[in-house]
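Read through the structure below, which is laid out as structure tokens, and then see the notes.
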Amino acid sequence: MIKPQIENRIRLSEINTGRQVTLARVQVGLELTSRLTSLGLTPGVKVQVLQNHGRGPIIINVRGTHVALGRGEAEKLLVEPCGDA
Amino acid sequence: MSDCHDCPSPDTQRKPHNPGTPLIALVGQPNVGKSTVFNLLTGMNQHVGNWPGKTVERKEGTFKYAGKKFTLVDLPGTYSLSANSAEELITREFIVTESPDLVVALVNAASLERSLYLVAELIALPAPLLVVLNMMDVAEQEGYHIEPDVLEAALGVPVIAFTATHLQNTQPLLMAMKTTVEQSIQHQRRIPAIRQDHQLVLDEVTAHLEKYPLAPYPVDWVALKLLEGDVEITRKIKGMMPPQEWEEIHYHLRQHDDALLAIASGRYEWIGRMTRAAVTRPKVGQISLTDRLDRWAAHPVAGLLTLGLVLGFVFWLTFTLGSPLQILMENYLVIPAANLASEALSSAPAWLRGSIVEGIIGGVGSVLTFLPILIIFFACFGFLEDVGYMARAAFVMDNFMHWMGLHGKSFLPLFLGFGCNVPAVIGTRTIDSWKSRILTILLAPLVPCTARMAVVAFLAPIFFGDKAIFVVWGLVALSIVILILLGVILNRVLFKGERSAFIMEMPLYHIPNWRTIRLLVWQRSLSFIKKAGTTILVISLIIWLLGYLPNGNPDNNLLTKTGRFLEPAGSIMGLDWRLTVALLTSFLAKENAIATLGVLFGSAAGSGFTQAIAAAYSPATALAFLTVSILFIPCAATVAVIRQETGSWKWTFLNIGLMLFISVLAGVIVYHAAGWVG
């Protein structure tokens with residue numbers, strides 16, 4: 001399957017604990033989009049990974065709120081490195 | 001079909017409220033301390049009911065300030081005005097269609113940016129708005145400094161700071177509410193801007209919409225929701241207009257089906273502008289208390305260990321403190337009451353004396369003695385919830401819940417089931433996907449509630465003496481294993497292994513509010529007492545009468561006959577007619593099993609019953625009975641809420657059937673296995 005726009009983008013689920021990234025792309029269904037955005041996850045926002053143990057859900061800090069994300073959801077969010085890590 | 005559980009109510013007409021009593025709506029995102037503020041303001045002057053035609057709790061209360069009475073409605077917590085759940089839909093419908101005199105938006109000062117998202121939506125609506133910054137103490141502790149005046153100037157709506165810990169703190173809040181309700185000066189509100197191309201679409205859609213009577217919905221708001229792709233509003237508007245007209249609107253909307261992301265981003269940009277001057281943020285890299293605690297509590301290994309210790313402690317506390325209290329209540333309340341009533345009624349006919357002493361006092365009394373256990377359990381649960389720990393429990397359980405196609409959020413209602421299955425089934429409302437919710441509801445009755453635990457904990461020592469503790473824990477473990485197996489199977493069979501998204505806020509840890517916990521315990525206990533006073537009272541009386549009629553002869557009364565009729569079914573599990581009857585009556589309330597056996601073995605309380613029952617049954621029969629008891633069909637109250645929450649008899653009967661099948665199967669296996677082992 002070809003996914004054209006992912007070249008230099010990484011999945012949020014692959015980011016290690018402590019690193020900060022910029023959310024680049026939210027490509028999920030409308031309902032999930034609505035829930036993600038109401039918790040602060042919009043493209044361009046800085047996301048700090050607070051806990052990622054390689055399996056299971058992760059915890060992120062977005063706009064001062066701690067949010068738990070299932071691994072499946074974190075895999076659908078594409079991020080870019082944001083310099084000040 | 002009644003399956004349409006979250007349809008908007010048809011009567012969206014504004015009900016005229018009492019002109020002398022302004023109607024104030026309290027709204028806020030989850031975890032902003034909304035119920036604490038509501039309880040602080042209304043105290044005991046509150047009424048808990050249901051939203052008409054809905055299964056969502058409606059909390060309404062009144063308070064007086066400066067000689068004036070106000071009505072306060074506590075709306076369900078919502079992150080936005082996009083209705084992603086039945087509860088969020090209620091909040092939205094209320095604010096948009098009931099036109100309250102004031103909307104009080106509670107905002108968490110410690111996560112202001114995210115919290116103001118709801119305000120970004122509310123501010124575009126016509127209702128008067130007051131923003132209350134709650135949890136200022138937590139914010140300070142996390143390193144945030146907020147100036148309410150500066151925020152007020154930026155937003156163009158009144159803003160006040162608040163810390164909901166002391167009653168005297170409410171004075172400025174009350175004053176602000178009163179002045180905002182009465183004010184005639186219109187502030188100049190700042191509303192989030194819409195991107196230029198989206199504004200053009202909005203204008204186009206608005207032009208179409210203006211031909212239709214949308215009131216009480218504001219036209220601009222409806223247009224915006226259509227652009228966001230809101231399912232509920234889209235359905236509503238689509239049904240309102242001829243297909244060609246809808247096609248035209250739909251054509252414009254379709255060009256921008258990703259508008260939601262842009263609109264949401266726009267709202268956060270607005271929030272950024274509003275808070276720029278008002279908020280000083282903590283230094284980057286500062287590690288907060290929550291971060292430190294979560295390294296343990298949310299760690300995949302240490303977190304599970306923590307959870308195990310916490311739950312173990314809750315059960316230990318509940319039963320160590322609760323059980324002696326239960327015995328005290330039995331000895332100093334129930335038995336003396338029975339003796340007193342017996343003396344007072346010594347000249348009354350035997351049926352009257354018997355029905356009161358053995359039926360009512362014996363039955364209801366023994367059930368009420370569970371109250372201390374329940375109170376302690378609910379208090380522990382309320383405490384863990386209030387400090388913010390329960391979200392961590394859900395987080396670390398997420399992996400395990402995956403086996404059943406569920407996610408972490410399903411763990412909380414299931415855990416609540418250890419207290420009582422009724423709040424467990426109701427608690428599934430927080431689960432956002434319908435499939436996950438149904439599955440969690442179906443599994444909830446497998447969690448042994450305090451009533452079943454009490455039956456088992458009461459009978460096990462009688463049958464098994466010192467080994468009782470192993471029997472009790474074995475039965476609990478059996479229930480959990482069956483729950484997991486059933487979850488895995490149901491997920492494969494019914495839902496083809498689908499899984500819903502797991503997104504959950506992890507609230508900051510904070511000092512618990514005792515008032516909130518107290519009120520929670522009070523409300524839950526009260527509903528248990530009501531149950532004892534109604535259902536259980538009637539059942540106890542009926543059981544006693546069935547055991548007495550037609551003439552008080554123990555060998556041919558109606559209860560004996562029913563039991564003997566069903567005895568062949570019971571006997572495959574080694575149960576005689578008395579145990580069969582006890583199981584039947586436990587359908588109405590699990591605790592009835594003890595009350596029934598008490599009545600059947602001749603005395604409501606005292607040592608006679610214990611000895612008689614221990615002598616009557618073999619260990620295999622006793623074990624089979626306890627196994628079936630802990631797994632038997634959900635009690636009447638649970639069945640009622642399952643019907644209410646699923647909105648369908650199909651799921652309700654499926655659930656009852658499953659439990660009946662599982663319990664009988666387990667009973668047969670245990671009886672024969674125990675008989676074979678010896």
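Identifiers in this document derive from the order of the structure tokens: chains are assigned A, B, ..., residues are numbered from 1 separately in each chain, and ligands are numbered from 1 in order of occurrence.
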Contact set, chain B to chain A: 7 Å, only C-alpha atoms, as a list in words
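The complete set of qualifying residues is Tyr79, Ser80, Ser111, Glu113, Arg114, Tyr117, Leu261, Ala264, Ser265, Asn399, Ala501, Phe502, Ile503, Met504, Glu505, Met506 and Pro507 of chain B.
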Selection near Ser288 of chain B, 7 Å with only C-alpha atoms, sequence-local residues under 3 positions removed, as a PDB file with C-alpha atoms, in the first residue's frame:
ATOM      1  CA  GLU B 142       2.143  23.378  38.769  1.00  0.00           C
ATOM      2  CA  ASP B 291       4.907  13.463  36.509  1.00  0.00           C
ATOM      3  CA  ARG B 292       6.826  12.038  39.429  1.00  0.00           C
TER       4      ARG B 292
END
If you count only C-alpha atoms, which residues fall within 12 Å of Lys238 of chain B, apart from same-chain ones fewer than 2 positions away, as number ranges by chain?
B: 209, 212, 222, 226, 230-236, 240-250
Atoms to include: N, CA and C atoms. Write the selected residues as a short mmCIF file (atom, residue, chain, number, x, y, z; two decimals), in the first residue's frame.
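As a result, out-v3.cif now contains:
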data_model
loop_
_atom_site.label_atom_id
_atom_site.label_comp_id
_atom_site.auth_asym_id
_atom_site.auth_seq_id
_atom_site.Cartn_x
_atom_site.Cartn_y
_atom_site.Cartn_z
N LEU B 209 -30.22 28.18 5.05
CA LEU B 209 -30.86 27.82 6.31
C LEU B 209 -31.90 28.84 6.73
N TYR B 212 -35.70 28.38 6.83
CA TYR B 212 -36.36 27.39 7.67
C TYR B 212 -36.43 27.85 9.12
N VAL B 222 -25.77 26.62 13.77
CA VAL B 222 -26.14 25.44 12.99
C VAL B 222 -25.23 25.32 11.77
N LEU B 226 -22.68 22.27 10.87
CA LEU B 226 -22.75 21.54 9.60
C LEU B 226 -21.37 21.48 8.96
N ASP B 230 -20.90 17.77 12.06
CA ASP B 230 -21.60 17.22 13.21
C ASP B 230 -22.75 16.30 12.76
N VAL B 231 -22.68 15.05 13.21
CA VAL B 231 -23.63 14.03 12.75
C VAL B 231 -25.07 14.37 13.13
N GLU B 232 -25.23 14.80 14.40
CA GLU B 232 -26.56 15.03 14.94
C GLU B 232 -27.26 16.19 14.21
N ILE B 233 -26.55 17.31 14.08
CA ILE B 233 -27.13 18.49 13.44
C ILE B 233 -27.37 18.21 11.95
N THR B 234 -26.43 17.51 11.32
CA THR B 234 -26.59 17.17 9.91
C THR B 234 -27.87 16.39 9.70
N ARG B 235 -28.09 15.39 10.56
CA ARG B 235 -29.29 14.56 10.44
C ARG B 235 -30.55 15.41 10.60
N LYS B 236 -30.48 16.28 11.61
CA LYS B 236 -31.63 17.13 11.91
C LYS B 236 -31.99 18.04 10.72
N MET B 240 -35.13 18.24 7.54
CA MET B 240 -35.98 19.42 7.60
C MET B 240 -36.30 19.99 6.23
N MET B 241 -35.42 19.72 5.26
CA MET B 241 -35.57 20.40 3.98
C MET B 241 -35.71 19.41 2.83
N PRO B 242 -36.26 19.90 1.70
CA PRO B 242 -36.39 19.03 0.53
C PRO B 242 -35.01 18.57 0.06
N PRO B 243 -34.93 17.36 -0.52
CA PRO B 243 -33.64 16.77 -0.90
C PRO B 243 -32.79 17.66 -1.79
N GLN B 244 -33.43 18.41 -2.76
CA GLN B 244 -32.60 19.22 -3.68
C GLN B 244 -31.88 20.31 -2.91
N GLU B 245 -32.61 20.93 -1.99
CA GLU B 245 -32.02 22.02 -1.21
C GLU B 245 -30.84 21.49 -0.38
N TRP B 246 -31.08 20.33 0.25
CA TRP B 246 -30.00 19.72 1.05
C TRP B 246 -28.80 19.42 0.16
N GLU B 247 -29.07 18.92 -1.05
CA GLU B 247 -27.98 18.61 -1.98
C GLU B 247 -27.11 19.85 -2.22
N GLU B 248 -27.78 21.01 -2.36
CA GLU B 248 -27.02 22.25 -2.60
C GLU B 248 -26.10 22.58 -1.43
N ILE B 249 -26.68 22.48 -0.23
CA ILE B 249 -25.87 22.75 0.97
C ILE B 249 -24.74 21.74 1.05
N HIS B 250 -25.13 20.49 0.83
CA HIS B 250 -24.16 19.40 0.96
C HIS B 250 -23.01 19.58 -0.02
#
Write out as a PyMOL selection string all residues of segment 24-81 of chain A that DSSP puts in helix (DSSP H, G or I) for this structure's backbone.
chain A and resi 30-38+71-75
Write the residues of the preceding selection, restricted to N, CA and C atoms, as an mmCIF file, in the first residue's frame.
data_model
loop_
_atom_site.group_PDB
_atom_site.id
_atom_site.type_symbol
_atom_site.label_atom_id
_atom_site.label_comp_id
_atom_site.auth_asym_id
_atom_site.auth_seq_id
_atom_site.Cartn_x
_atom_site.Cartn_y
_atom_site.Cartn_z
ATOM 1 N N LEU A 30 -14.030 11.174 11.344
ATOM 2 C CA LEU A 30 -14.561 12.430 11.862
ATOM 3 C C LEU A 30 -14.757 12.411 13.378
ATOM 4 N N GLU A 31 -15.279 11.301 13.889
ATOM 5 C CA GLU A 31 -15.570 11.248 15.321
ATOM 6 C C GLU A 31 -14.286 11.297 16.139
ATOM 7 N N LEU A 32 -13.303 10.517 15.704
ATOM 8 C CA LEU A 32 -12.028 10.504 16.411
ATOM 9 C C LEU A 32 -11.355 11.871 16.307
ATOM 10 N N THR A 33 -11.443 12.487 15.143
ATOM 11 C CA THR A 33 -10.885 13.829 14.964
ATOM 12 C C THR A 33 -11.489 14.779 15.985
ATOM 13 N N SER A 34 -12.817 14.694 16.102
ATOM 14 C CA SER A 34 -13.515 15.589 17.014
ATOM 15 C C SER A 34 -13.045 15.381 18.448
ATOM 16 N N ARG A 35 -12.819 14.120 18.831
ATOM 17 C CA ARG A 35 -12.382 13.862 20.203
ATOM 18 C C ARG A 35 -10.936 14.271 20.413
ATOM 19 N N LEU A 36 -10.104 14.051 19.406
ATOM 20 C CA LEU A 36 -8.697 14.448 19.520
ATOM 21 C C LEU A 36 -8.567 15.963 19.617
ATOM 22 N N THR A 37 -9.304 16.667 18.770
ATOM 23 C CA THR A 37 -9.177 18.124 18.772
ATOM 24 C C THR A 37 -9.698 18.717 20.074
ATOM 25 N N SER A 38 -10.771 18.149 20.621
ATOM 26 C CA SER A 38 -11.305 18.740 21.849
ATOM 27 C C SER A 38 -10.371 18.485 23.027
ATOM 28 N N ARG A 71 -2.192 2.745 21.805
ATOM 29 C CA ARG A 71 -1.114 2.605 20.823
ATOM 30 C C ARG A 71 -1.657 2.713 19.401
ATOM 31 N N GLY A 72 -2.820 2.126 19.180
ATOM 32 C CA GLY A 72 -3.430 2.175 17.852
ATOM 33 C C GLY A 72 -3.687 3.609 17.406
ATOM 34 N N GLU A 73 -4.109 4.449 18.329
ATOM 35 C CA GLU A 73 -4.393 5.853 18.007
ATOM 36 C C GLU A 73 -3.090 6.611 17.779
ATOM 37 N N ALA A 74 -2.094 6.300 18.625
ATOM 38 C CA ALA A 74 -0.799 6.983 18.497
ATOM 39 C C ALA A 74 -0.143 6.645 17.162
ATOM 40 N N GLU A 75 -0.444 5.458 16.623
ATOM 41 C CA GLU A 75 0.125 5.063 15.334
ATOM 42 C C GLU A 75 -0.471 5.865 14.179
#
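Excluding segment 143-160 of chain B and any residue on its chain fewer than 2 positions from it, the residues at most 6 Å away by only C-alpha atoms are B:Leu130, B:Val131, B:Val132, B:Ala139, B:Glu140, B:Gln141, B:His187, B:Gln188, B:Arg189, B:Arg190, B:Met274, B:Ala278, B:Val279, B:Thr280, B:Arg281, B:Pro282.
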One decimal, in Å: what's the spacing between atom CA of Leu214 of chain B and atom CA of Ile237 of chain B?
8.8 Å
Within 8 Å of Arg19 of chain A using only C-alpha atoms, minus same-chain residues under 4 positions, as number ranges by chain:
A: 15, 48-50, 85
Considering only C-alpha atoms, return as a short mmCIF file (atom, residue, chain, number, x, y, z; two decimals) with C-alpha atoms, in the first residue's frame whatever protein or nucleic-acid residues lie within 7 Å of Ile431 of chain B, sequence-local ones (same chain, fewer than 5 positions apart) excluded.
data_model
loop_
_atom_site.label_atom_id
_atom_site.label_comp_id
_atom_site.auth_asym_id
_atom_site.auth_seq_id
_atom_site.Cartn_x
_atom_site.Cartn_y
_atom_site.Cartn_z
CA LYS B 409 -11.90 2.97 30.33
CA SER B 410 -13.97 -0.21 30.72
CA SER B 436 -17.35 -1.50 23.94
CA ARG B 437 -20.14 -0.28 26.11
#
Which residues are close to segment 37-40 of chain B, i.e. within 10 Å by only C-alpha atoms, leaving aside same-chain residues fewer than 3 positions away? Reply as number ranges by chain.
B: 26, 32-34, 43-46, 59-63, 72-74, 106, 134, 162-170, 515-516, 519
Selection file, C-alpha atoms, as a tab-separated table (two decimals), in the first residue's frame:
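Here's the written file result26.tsv:
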chain	number	residue	atom	x	y	z
B	26	LEU	CA	-23.10	24.89	35.26
B	32	VAL	CA	-12.60	20.54	36.36
B	33	GLY	CA	-14.23	20.00	39.75
B	34	LYS	CA	-17.73	20.72	38.58
B	43	GLY	CA	-25.44	21.71	49.66
B	44	MET	CA	-28.32	19.43	50.49
B	45	ASN	CA	-30.76	21.46	48.40
B	46	GLN	CA	-30.28	19.27	45.39
B	59	LYS	CA	-28.67	17.17	38.97
B	60	GLU	CA	-30.55	20.28	39.87
B	61	GLY	CA	-30.34	22.38	43.01
B	62	THR	CA	-31.18	25.75	44.43
B	63	PHE	CA	-29.30	28.32	46.44
B	72	LEU	CA	-28.58	25.66	39.33
B	73	VAL	CA	-28.46	22.80	36.83
B	74	ASP	CA	-25.30	20.69	36.80
B	106	LEU	CA	-15.98	26.17	34.91
B	134	ASN	CA	-11.29	26.65	39.30
B	162	PHE	CA	-12.07	30.30	42.60
B	163	THR	CA	-10.78	27.54	44.80
B	164	ALA	CA	-13.53	25.15	45.75
B	165	THR	CA	-12.25	24.13	49.14
B	166	HIS	CA	-13.97	26.43	51.58
B	167	LEU	CA	-17.53	27.57	51.91
B	168	GLN	CA	-16.50	31.20	52.50
B	169	ASN	CA	-14.78	31.23	49.10
B	170	THR	CA	-18.19	31.08	47.43
B	515	ARG	CA	-17.43	17.10	50.79
B	516	THR	CA	-17.65	15.59	47.32
B	519	LEU	CA	-22.05	13.42	49.13
Backbone-only DSSP, strand (DSSP E) members of segment 16-169 of chain B, as a PyMOL selection string
chain B and resi 23-28+46-50+57-65+68-74+102-108+129-134+145-146+159-161
Report, in Å to a single decimal, how far apart atom CA of Ile441 of chain B and atom CA of Trp522 of chain B are.
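So the two atoms, atom CA of Trp522 of chain B and atom CA of Ile441 of chain B, lie 24.8 Å apart.
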Provide the atom CA of Pro300 of chain B to atom CA of Asp398 of chain B distance in Å, to one decimal place.
9.9 Å
